[in-house]
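Visitor: To start, I am sharing the structure in question, which I have written as structure tokens.
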Amino acid sequence: MSQQVFFLHSWPRAIVHLDGDAFFTSCEEAIHPELRGKPLITGGERGIVACASYPAKKLGIKRGVPLHEARKICPGLIVLPSDYETYSLFSQRMFDIMRRFTPDVEEYSIDEAFADITGMRRALRSSYEDIVLKMKKEIERELGITVSAGLSITKVLAKVASKHQKPSGLTIIKGRDIAAYLGNLPVEKIWGIGSATTSYLAKMGIRYALEFAQLPEEKVRKKFTKPGVEIWQELRGVSVYPVTSEEKRSYASISKTKTFAPPTSNAEYLFAHLMRNMESACIKARRYSLAPHKIIVFLKKNDFDTVGDEVKLSRPCAFPLEFSHIIRELFDSCYCPKDTYRATGVVLVDLEPDDQIQYSLFDNPLQAEKIRDVYHAADELGQKFGKHALHLGCSHLIDKLGKGRRGSPTVREQTQLKGENRRRHLGLPLLHIKS
């Protein structure tokens, strides 16, 4: 079966997927070399493992494990707060290095990206394999972290390849070699296939990617929805998903969550966090000229049980001052004084462009326009002095009582360079190397 040829040409396209190895802990090791080779995790501020180094993974510590369980597995575990400010700088440097080889780079997440290097062999005077190897080596040399790379003819195959040899691996799947790599690949390892589709395939007697790829087209189109058909095509070497280098400009939804510690039952403090979540989500929505028609809020209890509620606005709106009283009603419907809570969150859904919104008969257009002007000024101040420089009074309790976090602040948060303030830092990581 593995001798089947899905695609006759080795390189009709050349798609790269780069994936940072234990990215957060690798960044910490890059700026703190004394931590290399030690069991290390980030996520101390959340109370759960956000990222585990490979020595910690070998001991059985996985992402999402509560800290108390991780410490039982390894009493000498090093626990650090997540320094997202520094990780984002490493991320941007990694993407910039990739752009030295091709302008077509898609930033998929903070620690992974796709790149289309089709046609670059002549310009760079190298084979596709050598281009990827040089890209990988330059990232590792300049940033002090390791990345795993996959090279193939579609995005799905490239992502499959990058996971094949971790850490610091390089896997190449040419068009003629697709079947050989899919033969022993469980379907749940395919990018885009979740637990529900895995169960559905299992009922059809399909457990490996090659079995899925060998299905007749007529049967695939009959049994699966559009995403399933597209993944089937990509596995067979037909490029369906392009590498999109443009910055993302539209969102189906926007969510913001805040986990804090110690857990609390203080209603006003919880509501302050909820409104700060709302302000953050709406700042992002306004940045892309979007407004939600529906809002979902939720509270996560200390036992991880979640309660929530939702509301549909009379018109799309991204200005929390207009609907803060509605959020208060949703909060009151979810909150129970007897319970303690560890997180709050909001989700903005049914997003629409903010330039074509019509007021209803029950709206006050004059007041709405004044609120719009206030938020225009608030966004300008935020760009100059940092996010939430101007915020709603109901969220001010956070500044008074603290953000609520486990562990100590990151070194970067505790350090202010000349010209910095509490809300805004320069885009520079701090290197703390013992001499």
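Ordering of the structure tokens sets the chain letters (A, B, ...); residue numbers start at 1 within each chain; ligands are numbered from 1 in the order shown.
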Per DSSP on the backbone, what are the helix (DSSP H, G or I) residues of stretch 68-304 of chain A, as a PyMOL selection string?
Guide: chain A and resi 68-73+84-98+120-124+128-143+155-162+175-182+187-189+195-203+209-213+217-223+226-235+267-287
Visitor: Go through stretch 328-405 of chain A and flag each residue having an atom no more than 9 Å from stretch 267-285 of chain A; for those, report the closest pair of atoms plus their distance in Å to one decimal, using only C-alpha atoms, ordered by chain and rising number, as CSV.
Guide:
```
residue,atom,partner,partner_atom,distance
A:Arg328,CA,A:Phe271,CA,7.6
A:Phe331,CA,A:Phe271,CA,7.1
A:Asp332,CA,A:Ala267,CA,8.9
A:Tyr335,CA,A:Ala267,CA,7.5
A:Cys336,CA,A:Ala267,CA,8.7
A:Pro337,CA,A:Ala267,CA,7.5
A:Tyr341,CA,A:Leu270,CA,8.0
A:Ala343,CA,A:Leu270,CA,8.3
A:Thr344,CA,A:Leu274,CA,5.5
A:Gly345,CA,A:Asn277,CA,6.1
A:Val346,CA,A:Met278,CA,6.2
A:Val347,CA,A:Ala281,CA,7.7
A:Leu348,CA,A:Ala281,CA,7.3
A:Leu351,CA,A:Ala285,CA,8.4
A:Asp379,CA,A:Ile283,CA,7.5
A:Lys387,CA,A:Ser280,CA,8.2
A:His388,CA,A:Glu279,CA,8.0
A:His391,CA,A:Glu279,CA,7.7
A:Leu392,CA,A:Met275,CA,8.0
A:Gly393,CA,A:Ala272,CA,8.7
A:Cys394,CA,A:Ala272,CA,5.6
A:Ser395,CA,A:Ala272,CA,4.0
A:His396,CA,A:Ala272,CA,6.9
A:Leu397,CA,A:Ala272,CA,6.2
A:Ile398,CA,A:Ala272,CA,6.4
A:Leu401,CA,A:Tyr269,CA,8.2
A:Lys403,CA,A:His273,CA,8.3
```
Visitor: Go through stretch 189-406 of chain A and collect every residue that DSSP, computed from the backbone, puts in strand (DSSP E or B); the answer should be as an NGL selection string.
Guide: :A and (208 or 253-264 or 290-301 or 306-312 or 341-353)
Visitor: Once you count only C-alpha atoms, what closest atom pair and distance in Å to one decimal does each residue of stretch 123-179 of chain A within 8 Å of stretch 237-241 of chain A have, with rows by chain and rising residue number, as a Markdown table?
Guide:
```
| residue | atom | partner | partner_atom | distance |
| --- | --- | --- | --- | --- |
| A:Ile153 | CA | A:Gly237 | CA | 6.1 |
| A:Thr154 | CA | A:Ser239 | CA | 5.1 |
| A:Lys155 | CA | A:Tyr241 | CA | 6.6 |
| A:Leu157 | CA | A:Gly237 | CA | 7.8 |
| A:Gly175 | CA | A:Gly237 | CA | 6.5 |
| A:Ile178 | CA | A:Gly237 | CA | 7.6 |
```
Visitor: Restricting it to C-alpha atoms, dump the selection as a PDB file, in the first residue's frame.
Guide:
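Once written, selection-v7.pdb looks like this:
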```
ATOM      1  CA  ILE A 153       3.759  20.120  -1.206  1.00  0.00           C
ATOM      2  CA  THR A 154       0.723  21.150   0.893  1.00  0.00           C
ATOM      3  CA  LYS A 155       0.165  22.834   4.261  1.00  0.00           C
ATOM      4  CA  LEU A 157       1.484  17.538   4.814  1.00  0.00           C
ATOM      5  CA  GLY A 175       5.082  14.316  -3.796  1.00  0.00           C
ATOM      6  CA  ILE A 178       3.346  10.805   0.465  1.00  0.00           C
TER       7      ILE A 178
END
```
Visitor: Which neighbours of stretch 219-229 of chain A fall inside 12 Å, counting only C-alpha atoms, when residues of the same chain fewer than 5 positions from it are skipped, and could you give them as a PyMOL selection string?
Guide: chain A and resi 156+187+190-194+196-198+200-201+204+211-214+234-236+238+240-241
Visitor: Which distance in Å separates atom CA of A:Thr102 and atom CA of A:Ser245, to one decimal?
Guide: 10.3 Å
Visitor: Closest to A:Pro320 among A:Leu210, A:Pro365, A:Asp19, A:Ile371, using only C-alpha atoms?
Guide: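 So, comparing all the options, the nearest one is A:Ile371.
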Visitor: At a cut-off of 8 Å, using only C-alpha atoms, what residues contact stretch 158-163 of chain A? Leave out same-chain residues fewer than 5 positions from it and give the result as a list in words.
Guide: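 In the requested format, the answer is Ile15, Val16, His17, Leu18, Asp19, Ser148, Ala149, Gly150, Leu151, Ser152, Ile153, Gly169, Leu170, Thr171, Ile172, Ile173, Lys189, Ile190 and Trp191 of chain A.
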Visitor: Go through A:Leu366, A:Ile231, A:Leu390, A:Met120 and flag the residue nearest A:Trp11, using only C-alpha atoms for the distances.
Guide: A:Met120
Visitor: I want to know what sits within 12 Å of A:Gln92, based on only C-alpha atoms, with residues of the same chain fewer than 6 positions away left out; could you give that as a ChimeraX atom specification?
Guide: /A:85-86,98-99,105-113,139,143,427-428
Visitor: Any idea what's packed within 10 Å of A:Leu59, counting only C-alpha atoms, ignoring anything in its chain fewer than 4 positions away? Could you give it as a list in words?
Guide: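 Result of the neighbour search: Pro39, Tyr54, Pro55, Ala70, Ile73 and Cys74 of chain A.
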Visitor: Nearest residue to A:Pro167 out of A:Glu28, A:Asp21, A:Asp350, A:Glu142, using only C-alpha atoms?
Guide: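 Looking only at the distances to A:Pro167, the closest residue turns out to be A:Asp21.
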Visitor: For a quick check of understanding, using only C-alpha atoms, which of A:Gly183, A:Gly20, A:Lys38, A:Ala123 has the smallest distance to A:Phe90?
Guide: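 Ranked by minimum distance to A:Phe90, first place goes to A:Gly20.
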Visitor: Rounded to one decimal in Å, what is the spacing between atom CA of A:Gly37 and atom CA of A:Gly60?
Guide: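 Taking atom CA of A:Gly37 and atom CA of A:Gly60, their separation equals 15.4 Å.
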Visitor: Within 10 Å of stretch 293-300 of chain A, which residues of stretch 240-269 of chain A come that close, and what is the closest atom pair and distance in Å for each? Count only C-alpha atoms and give it as a Markdown table.
Guide:
```
| residue | atom | partner | partner_atom | distance |
| --- | --- | --- | --- | --- |
| A:Ser253 | CA | A:Ile295 | CA | 9.8 |
| A:Ile254 | CA | A:Ile295 | CA | 9.9 |
| A:Ser255 | CA | A:Ile296 | CA | 9.1 |
| A:Lys256 | CA | A:Val297 | CA | 9.8 |
| A:Thr257 | CA | A:Phe298 | CA | 9.1 |
| A:Lys258 | CA | A:Lys300 | CA | 9.8 |
| A:Thr259 | CA | A:Lys300 | CA | 8.7 |
| A:Pro263 | CA | A:Lys300 | CA | 9.9 |
```
Visitor: Would you mind exporting all heavy atoms of the selected residues as a compact mmCIF listing (two decimals), in the first residue's frame?
Guide:
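The resulting part19.txt:
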```txt
# COMPACT_ATOMS: atom_id res chain seq x y z
N SER A 253 -14.88 35.43 15.81
CA SER A 253 -15.17 35.75 17.21
C SER A 253 -13.89 36.27 17.86
O SER A 253 -12.79 36.05 17.35
CB SER A 253 -15.69 34.53 17.97
OG SER A 253 -14.70 33.52 18.03
N ILE A 254 -14.05 36.95 18.98
CA ILE A 254 -12.91 37.44 19.76
C ILE A 254 -13.18 37.08 21.21
O ILE A 254 -14.26 37.37 21.73
CB ILE A 254 -12.74 38.96 19.61
CG1 ILE A 254 -12.35 39.33 18.16
CG2 ILE A 254 -11.69 39.48 20.58
CD1 ILE A 254 -12.30 40.82 17.91
N SER A 255 -12.22 36.45 21.86
CA SER A 255 -12.40 36.06 23.26
C SER A 255 -11.23 36.56 24.11
O SER A 255 -10.10 36.67 23.62
CB SER A 255 -12.52 34.54 23.39
OG SER A 255 -11.35 33.91 22.95
N LYS A 256 -11.52 36.85 25.35
CA LYS A 256 -10.51 37.26 26.32
C LYS A 256 -10.83 36.59 27.65
O LYS A 256 -11.97 36.64 28.13
CB LYS A 256 -10.47 38.78 26.50
CG LYS A 256 -9.99 39.55 25.28
CD LYS A 256 -8.51 39.30 25.01
CE LYS A 256 -8.04 40.09 23.79
NZ LYS A 256 -6.60 39.87 23.51
N THR A 257 -9.81 35.95 28.25
CA THR A 257 -9.99 35.25 29.52
C THR A 257 -8.89 35.67 30.48
O THR A 257 -7.76 35.92 30.06
CB THR A 257 -9.93 33.73 29.31
OG1 THR A 257 -10.89 33.34 28.34
CG2 THR A 257 -10.21 32.98 30.61
N LYS A 258 -9.20 35.73 31.75
CA LYS A 258 -8.21 36.05 32.77
C LYS A 258 -8.31 35.06 33.92
O LYS A 258 -9.36 34.90 34.54
CB LYS A 258 -8.42 37.48 33.30
CG LYS A 258 -7.55 37.83 34.49
CD LYS A 258 -6.07 37.82 34.15
CE LYS A 258 -5.22 38.17 35.36
NZ LYS A 258 -3.77 38.11 35.06
N THR A 259 -7.21 34.35 34.15
CA THR A 259 -7.11 33.45 35.30
C THR A 259 -6.30 34.16 36.38
O THR A 259 -5.26 34.75 36.09
CB THR A 259 -6.42 32.14 34.91
OG1 THR A 259 -7.15 31.51 33.86
CG2 THR A 259 -6.33 31.20 36.10
N PRO A 263 -8.12 32.10 44.21
CA PRO A 263 -9.53 32.17 43.81
C PRO A 263 -10.30 33.06 44.79
O PRO A 263 -9.94 33.20 45.96
CB PRO A 263 -9.99 30.72 43.91
CG PRO A 263 -8.74 29.92 43.79
CD PRO A 263 -7.67 30.73 44.44
```
Visitor: Just to confirm, what's the straight-line distance from atom CA of A:Asp355 to atom CA of A:Ala318 in Å (one decimal)?
Guide: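 Going from atom CA of A:Asp355 over to atom CA of A:Ala318 covers 11.8 Å.
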